[in-house]
>>> print(open('query_19.pdb').read())   # PDB, C-alpha atoms and all ligand atoms
ATOM      1  CA  MET A   1       0.000   0.000   0.000  1.00  0.00           C
ATOM      2  CA  ASN A   2       1.375   3.309  -0.986  1.00  0.00           C
ATOM      3  CA  ARG A   3      -1.211   6.003  -0.731  1.00  0.00           C
ATOM      4  CA  HIS A   4      -0.587   9.580  -1.648  1.00  0.00           C
ATOM      5  CA  ASP A   5      -3.702  11.469  -0.723  1.00  0.00           C
ATOM      6  CA  HIS A   6      -1.724  14.620  -0.186  1.00  0.00           C
ATOM      7  CA  ASP A   7       0.661  15.751  -2.882  1.00  0.00           C
ATOM      8  CA  PRO A   8       2.181  19.180  -2.170  1.00  0.00           C
ATOM      9  CA  ALA A   9       3.656  19.471  -5.666  1.00  0.00           C
ATOM     10  CA  LEU A  10       0.282  18.839  -7.247  1.00  0.00           C
ATOM     11  CA  GLU A  11      -1.433  21.234  -4.877  1.00  0.00           C
ATOM     12  CA  ARG A  12       1.044  23.951  -5.739  1.00  0.00           C
ATOM     13  CA  LEU A  13       0.421  23.311  -9.397  1.00  0.00           C
ATOM     14  CA  LEU A  14      -3.337  23.509  -9.062  1.00  0.00           C
ATOM     15  CA  GLY A  15      -3.198  26.399  -6.646  1.00  0.00           C
ATOM     16  CA  PRO A  16      -5.924  27.539  -4.286  1.00  0.00           C
ATOM     17  CA  THR A  17      -9.426  28.201  -5.575  1.00  0.00           C
ATOM     18  CA  GLY A  18      -8.925  31.954  -5.533  1.00  0.00           C
ATOM     19  CA  PRO A  19      -5.964  34.282  -5.736  1.00  0.00           C
ATOM     20  CA  GLU A  20      -3.837  34.059  -2.634  1.00  0.00           C
ATOM     21  CA  ILE A  21      -1.004  36.317  -1.657  1.00  0.00           C
ATOM     22  CA  GLY A  22       2.126  35.418   0.268  1.00  0.00           C
ATOM     23  CA  CYS A  23       3.286  36.569   3.713  1.00  0.00           C
ATOM     24  CA  ASP A  24       5.459  39.363   2.311  1.00  0.00           C
ATOM     25  CA  GLU A  25       2.650  40.810   0.284  1.00  0.00           C
ATOM     26  CA  CYS A  26       0.222  40.281   3.125  1.00  0.00           C
ATOM     27  CA  PHE A  27       2.453  42.224   5.468  1.00  0.00           C
ATOM     28  CA  GLU A  28       2.790  45.079   2.986  1.00  0.00           C
ATOM     29  CA  LEU A  29      -0.926  45.317   2.348  1.00  0.00           C
ATOM     30  CA  LEU A  30      -2.094  44.749   5.891  1.00  0.00           C
ATOM     31  CA  ASP A  31      -2.239  48.444   6.819  1.00  0.00           C
ATOM     32  CA  GLU A  32      -4.285  49.264   3.772  1.00  0.00           C
ATOM     33  CA  TYR A  33      -6.513  46.247   4.193  1.00  0.00           C
ATOM     34  CA  VAL A  34      -7.343  47.101   7.795  1.00  0.00           C
ATOM     35  CA  GLU A  35      -8.096  50.722   6.929  1.00  0.00           C
ATOM     36  CA  LEU A  36     -10.420  49.642   4.143  1.00  0.00           C
ATOM     37  CA  GLU A  37     -12.087  47.164   6.440  1.00  0.00           C
ATOM     38  CA  LEU A  38     -12.679  49.739   9.145  1.00  0.00           C
ATOM     39  CA  SER A  39     -13.913  52.370   6.715  1.00  0.00           C
ATOM     40  CA  GLY A  40     -16.647  50.038   5.557  1.00  0.00           C
ATOM     41  CA  VAL A  41     -15.182  49.497   2.102  1.00  0.00           C
ATOM     42  CA  ASP A  42     -15.177  46.002   0.633  1.00  0.00           C
ATOM     43  CA  ALA A  43     -11.605  45.246   1.612  1.00  0.00           C
ATOM     44  CA  ASP A  44     -11.676  41.763   0.096  1.00  0.00           C
ATOM     45  CA  ALA A  45     -12.516  43.193  -3.301  1.00  0.00           C
ATOM     46  CA  ARG A  46      -9.784  45.827  -3.071  1.00  0.00           C
ATOM     47  CA  VAL A  47      -7.130  43.428  -1.816  1.00  0.00           C
ATOM     48  CA  PRO A  48      -7.871  40.071  -3.429  1.00  0.00           C
ATOM     49  CA  GLY A  49      -6.267  37.062  -1.777  1.00  0.00           C
ATOM     50  CA  MET A  50      -5.824  38.701   1.597  1.00  0.00           C
ATOM     51  CA  ARG A  51      -8.760  36.962   3.218  1.00  0.00           C
ATOM     52  CA  ALA A  52      -7.658  33.588   1.921  1.00  0.00           C
ATOM     53  CA  HIS A  53      -4.176  34.155   3.251  1.00  0.00           C
ATOM     54  CA  LEU A  54      -5.362  35.296   6.671  1.00  0.00           C
ATOM     55  CA  ASP A  55      -7.547  32.222   6.932  1.00  0.00           C
ATOM     56  CA  GLY A  56      -4.662  29.941   6.113  1.00  0.00           C
ATOM     57  CA  CYS A  57      -1.784  31.674   7.882  1.00  0.00           C
ATOM     58  CA  PRO A  58      -1.923  31.844  11.708  1.00  0.00           C
ATOM     59  CA  ALA A  59       0.969  34.322  11.867  1.00  0.00           C
ATOM     60  CA  CYS A  60      -0.662  36.865   9.573  1.00  0.00           C
ATOM     61  CA  HIS A  61      -4.044  36.165  11.099  1.00  0.00           C
ATOM     62  CA  GLY A  62      -2.716  37.235  14.492  1.00  0.00           C
ATOM     63  CA  GLU A  63      -0.979  40.225  12.946  1.00  0.00           C
ATOM     64  CA  HIS A  64      -4.225  41.295  11.323  1.00  0.00           C
ATOM     65  CA  GLU A  65      -6.164  40.972  14.569  1.00  0.00           C
ATOM     66  CA  SER A  66      -3.770  43.114  16.561  1.00  0.00           C
ATOM     67  CA  LEU A  67      -3.396  45.738  13.849  1.00  0.00           C
ATOM     68  CA  ARG A  68      -7.140  46.005  13.478  1.00  0.00           C
ATOM     69  CA  ALA A  69      -7.563  46.457  17.227  1.00  0.00           C
ATOM     70  CA  LEU A  70      -4.868  49.130  17.161  1.00  0.00           C
ATOM     71  CA  VAL A  71      -6.327  51.063  14.240  1.00  0.00           C
ATOM     72  CA  ALA A  72      -9.866  50.727  15.582  1.00  0.00           C
ATOM     73  CA  ALA A  73      -8.794  52.205  18.898  1.00  0.00           C
ATOM     74  CA  ASP A  74      -7.072  55.016  17.027  1.00  0.00           C
ATOM     75  CA  ASP A  75     -10.143  55.782  14.931  1.00  0.00           C
ATOM     76  CA  GLY A  76     -12.342  55.800  18.007  1.00  0.00           C
ATOM     77  CA  ALA A  77     -10.236  58.526  19.557  1.00  0.00           C
ATOM     78  CA  ALA A  78     -10.351  60.747  16.469  1.00  0.00           C
TER      79      ALA A  78
HETATM   80 ZN    ZN B 101       1.233  34.812   6.205  1.00  0.00          ZN
END
>>> encode(input="query_19.pdb", output="structure tokens", more="lines below")
Ligand SMILES: [Zn+2]
Amino acid sequence: MNRHDHDPALERLLGPTGPEIGCDECFELLDEYVELELSGVDADARVPGMRAHLDGCPACHGEHESLRALVAADDGAA
């Protein structure tokens, strides 16, 4: 028996269902994404792939949470 249910090479070839960005790009766009999110704009449409990355990347997910809390607190004071 030699089962290969999970083939990383094949998965990379097929890619995710939607566009997904990498950690570098995520980090660069995070500020903008959070501001869009908080201003009520459709952030997912403006920054495609961000949501998918945040869902799949615990590091960026945490980064997003803390940045959003920070910016939200800032906006509240303004
Ligand atoms: Zn990431």
>>> residues_around(input="query_19.pdb", residues="Ser39 in chain A", least_positions_apart="4", cutoff="10 Å", atoms="only C-alpha atoms", output="PDB file with C-alpha atoms, keeping the file's coordinate frame")
ATOM      1  CA  TYR A  33      -6.513  46.247   4.193  1.00  0.00           C
ATOM      2  CA  VAL A  34      -7.343  47.101   7.795  1.00  0.00           C
ATOM      3  CA  GLU A  35      -8.096  50.722   6.929  1.00  0.00           C
ATOM      4  CA  ALA A  43     -11.605  45.246   1.612  1.00  0.00           C
ATOM      5  CA  ALA A  72      -9.866  50.727  15.582  1.00  0.00           C
ATOM      6  CA  ASP A  75     -10.143  55.782  14.931  1.00  0.00           C
TER       7      ASP A  75
END
>>> residues_around(input="query_19.pdb", residues="His61 in chain A", least_positions_apart="4", cutoff="12 Å", atoms="only C-alpha atoms", output="number ranges by chain")
A: 23, 26-27, 30, 34, 50-57, 65-68
>>> write_last_selection(input="query_19.pdb", atoms="C-alpha atoms", output="CSV table (one decimal), in the coordinates of the input")
chain,number,residue,atom,x,y,z
A,23,CYS,CA,3.3,36.6,3.7
A,26,CYS,CA,0.2,40.3,3.1
A,27,PHE,CA,2.5,42.2,5.5
A,30,LEU,CA,-2.1,44.7,5.9
A,34,VAL,CA,-7.3,47.1,7.8
A,50,MET,CA,-5.8,38.7,1.6
A,51,ARG,CA,-8.8,37.0,3.2
A,52,ALA,CA,-7.7,33.6,1.9
A,53,HIS,CA,-4.2,34.2,3.3
A,54,LEU,CA,-5.4,35.3,6.7
A,55,ASP,CA,-7.5,32.2,6.9
A,56,GLY,CA,-4.7,29.9,6.1
A,57,CYS,CA,-1.8,31.7,7.9
A,65,GLU,CA,-6.2,41.0,14.6
A,66,SER,CA,-3.8,43.1,16.6
A,67,LEU,CA,-3.4,45.7,13.8
A,68,ARG,CA,-7.1,46.0,13.5
>>> closest_residue(input="query_19.pdb", among="A:Leu70, A:His64, A:Ala59, A:Leu36", to="ligand ZN 101 (chain B)", atoms="all atoms listed in the file")
A:Ala59
>>> closest_residue(input="query_19.pdb", among="A:Ala69, A:Gly49, A:Cys60, A:Gly40", to="ligand ZN 101 (chain B)", atoms="all atoms listed in the file")
A:Cys60
>>> atom_distance(input="query_19.pdb", atom1="atom ZN of ligand ZN 101 (chain B)", atom2="CA of Pro58 in chain A")
7.0 Å
>>> atom_distance(input="query_19.pdb", atom1="CA of Leu29 in chain A", atom2="atom ZN of ligand ZN 101 (chain B)")
11.4 Å
>>> axis_aligned_box(input="query_19.pdb", around="range 47-50 of chain A", padding_each_side="6 Å", output="AutoDock Vina command-line options")
--center_x -6.8 --center_y 40.2 --center_z -0.9 --size_x 14.0 --size_y 18.4 --size_z 17.0
>>> atom_distance(input="query_19.pdb", atom1="CA of Asp24 in chain A", atom2="CA of Asp42 in chain A")
21.7 Å
>>> closest_residue(input="query_19.pdb", among="A:Glu32, A:Asp74, A:Glu37, A:Gly22", to="ligand ZN 101 (chain B)", atoms="only C-alpha atoms and all ligand atoms")
A:Gly22
>>> build_atoms(input="query_19.pdb", residues="range 62-73 of chain A", atoms="all heavy atoms", output="compact mmCIF listing (two decimals), in the coordinates of the input")
# COMPACT_ATOMS: atom_id res chain seq x y z
N GLY A 62 -2.95 36.56 13.22
CA GLY A 62 -2.72 37.24 14.49
C GLY A 62 -2.29 38.67 14.28
O GLY A 62 -2.71 39.58 15.01
N GLU A 63 -1.46 38.88 13.27
CA GLU A 63 -0.98 40.22 12.95
C GLU A 63 -2.15 41.12 12.56
O GLU A 63 -2.25 42.27 12.97
CB GLU A 63 0.02 40.12 11.79
CG GLU A 63 0.83 41.36 11.57
CD GLU A 63 1.79 41.63 12.73
OE1 GLU A 63 2.27 40.65 13.34
OE2 GLU A 63 2.02 42.80 13.02
N HIS A 64 -3.04 40.57 11.77
CA HIS A 64 -4.22 41.30 11.32
C HIS A 64 -5.12 41.67 12.50
O HIS A 64 -5.58 42.80 12.60
CB HIS A 64 -4.98 40.42 10.32
CG HIS A 64 -6.33 40.96 9.94
ND1 HIS A 64 -7.50 40.32 10.27
CD2 HIS A 64 -6.69 42.09 9.28
CE1 HIS A 64 -8.52 41.04 9.82
NE2 HIS A 64 -8.06 42.10 9.23
N GLU A 65 -5.32 40.72 13.40
CA GLU A 65 -6.16 40.97 14.57
C GLU A 65 -5.62 42.12 15.41
O GLU A 65 -6.36 43.03 15.80
CB GLU A 65 -6.23 39.71 15.45
CG GLU A 65 -6.82 38.52 14.74
CD GLU A 65 -8.30 38.39 15.01
OE1 GLU A 65 -8.67 38.02 16.13
OE2 GLU A 65 -9.08 38.67 14.08
N SER A 66 -4.33 42.09 15.67
CA SER A 66 -3.77 43.11 16.56
C SER A 66 -3.71 44.47 15.87
O SER A 66 -3.95 45.49 16.50
CB SER A 66 -2.40 42.70 17.09
OG SER A 66 -1.56 42.30 16.07
N LEU A 67 -3.43 44.46 14.57
CA LEU A 67 -3.40 45.74 13.85
C LEU A 67 -4.79 46.35 13.78
O LEU A 67 -4.96 47.56 13.94
CB LEU A 67 -2.83 45.54 12.44
CG LEU A 67 -2.67 46.85 11.65
CD1 LEU A 67 -1.64 47.75 12.31
CD2 LEU A 67 -2.23 46.57 10.21
N ARG A 68 -5.77 45.50 13.57
CA ARG A 68 -7.14 46.00 13.48
C ARG A 68 -7.59 46.61 14.82
O ARG A 68 -8.23 47.65 14.85
CB ARG A 68 -8.10 44.88 13.07
CG ARG A 68 -9.47 45.43 12.72
CD ARG A 68 -10.34 44.39 12.08
NE ARG A 68 -10.48 43.21 12.90
CZ ARG A 68 -11.17 42.13 12.55
NH1 ARG A 68 -11.73 42.07 11.37
NH2 ARG A 68 -11.26 41.10 13.34
N ALA A 69 -7.22 45.94 15.90
CA ALA A 69 -7.56 46.46 17.23
C ALA A 69 -6.88 47.81 17.44
O ALA A 69 -7.48 48.74 17.98
CB ALA A 69 -7.13 45.46 18.28
N LEU A 70 -5.65 47.90 17.00
CA LEU A 70 -4.87 49.13 17.16
C LEU A 70 -5.48 50.28 16.37
O LEU A 70 -5.71 51.36 16.90
CB LEU A 70 -3.45 48.86 16.66
CG LEU A 70 -2.37 49.85 17.08
CD1 LEU A 70 -1.90 49.52 18.49
CD2 LEU A 70 -1.18 49.76 16.12
N VAL A 71 -5.77 50.03 15.10
CA VAL A 71 -6.33 51.06 14.24
C VAL A 71 -7.74 51.44 14.67
O VAL A 71 -8.12 52.61 14.65
CB VAL A 71 -6.32 50.60 12.76
CG1 VAL A 71 -7.01 51.63 11.88
CG2 VAL A 71 -4.89 50.38 12.28
N ALA A 72 -8.50 50.46 15.12
CA ALA A 72 -9.87 50.73 15.58
C ALA A 72 -9.84 51.64 16.80
O ALA A 72 -10.63 52.58 16.90
CB ALA A 72 -10.56 49.42 15.89
N ALA A 73 -8.93 51.39 17.70
CA ALA A 73 -8.79 52.20 18.90
C ALA A 73 -8.40 53.63 18.51
O ALA A 73 -8.88 54.61 19.08
CB ALA A 73 -7.75 51.60 19.82
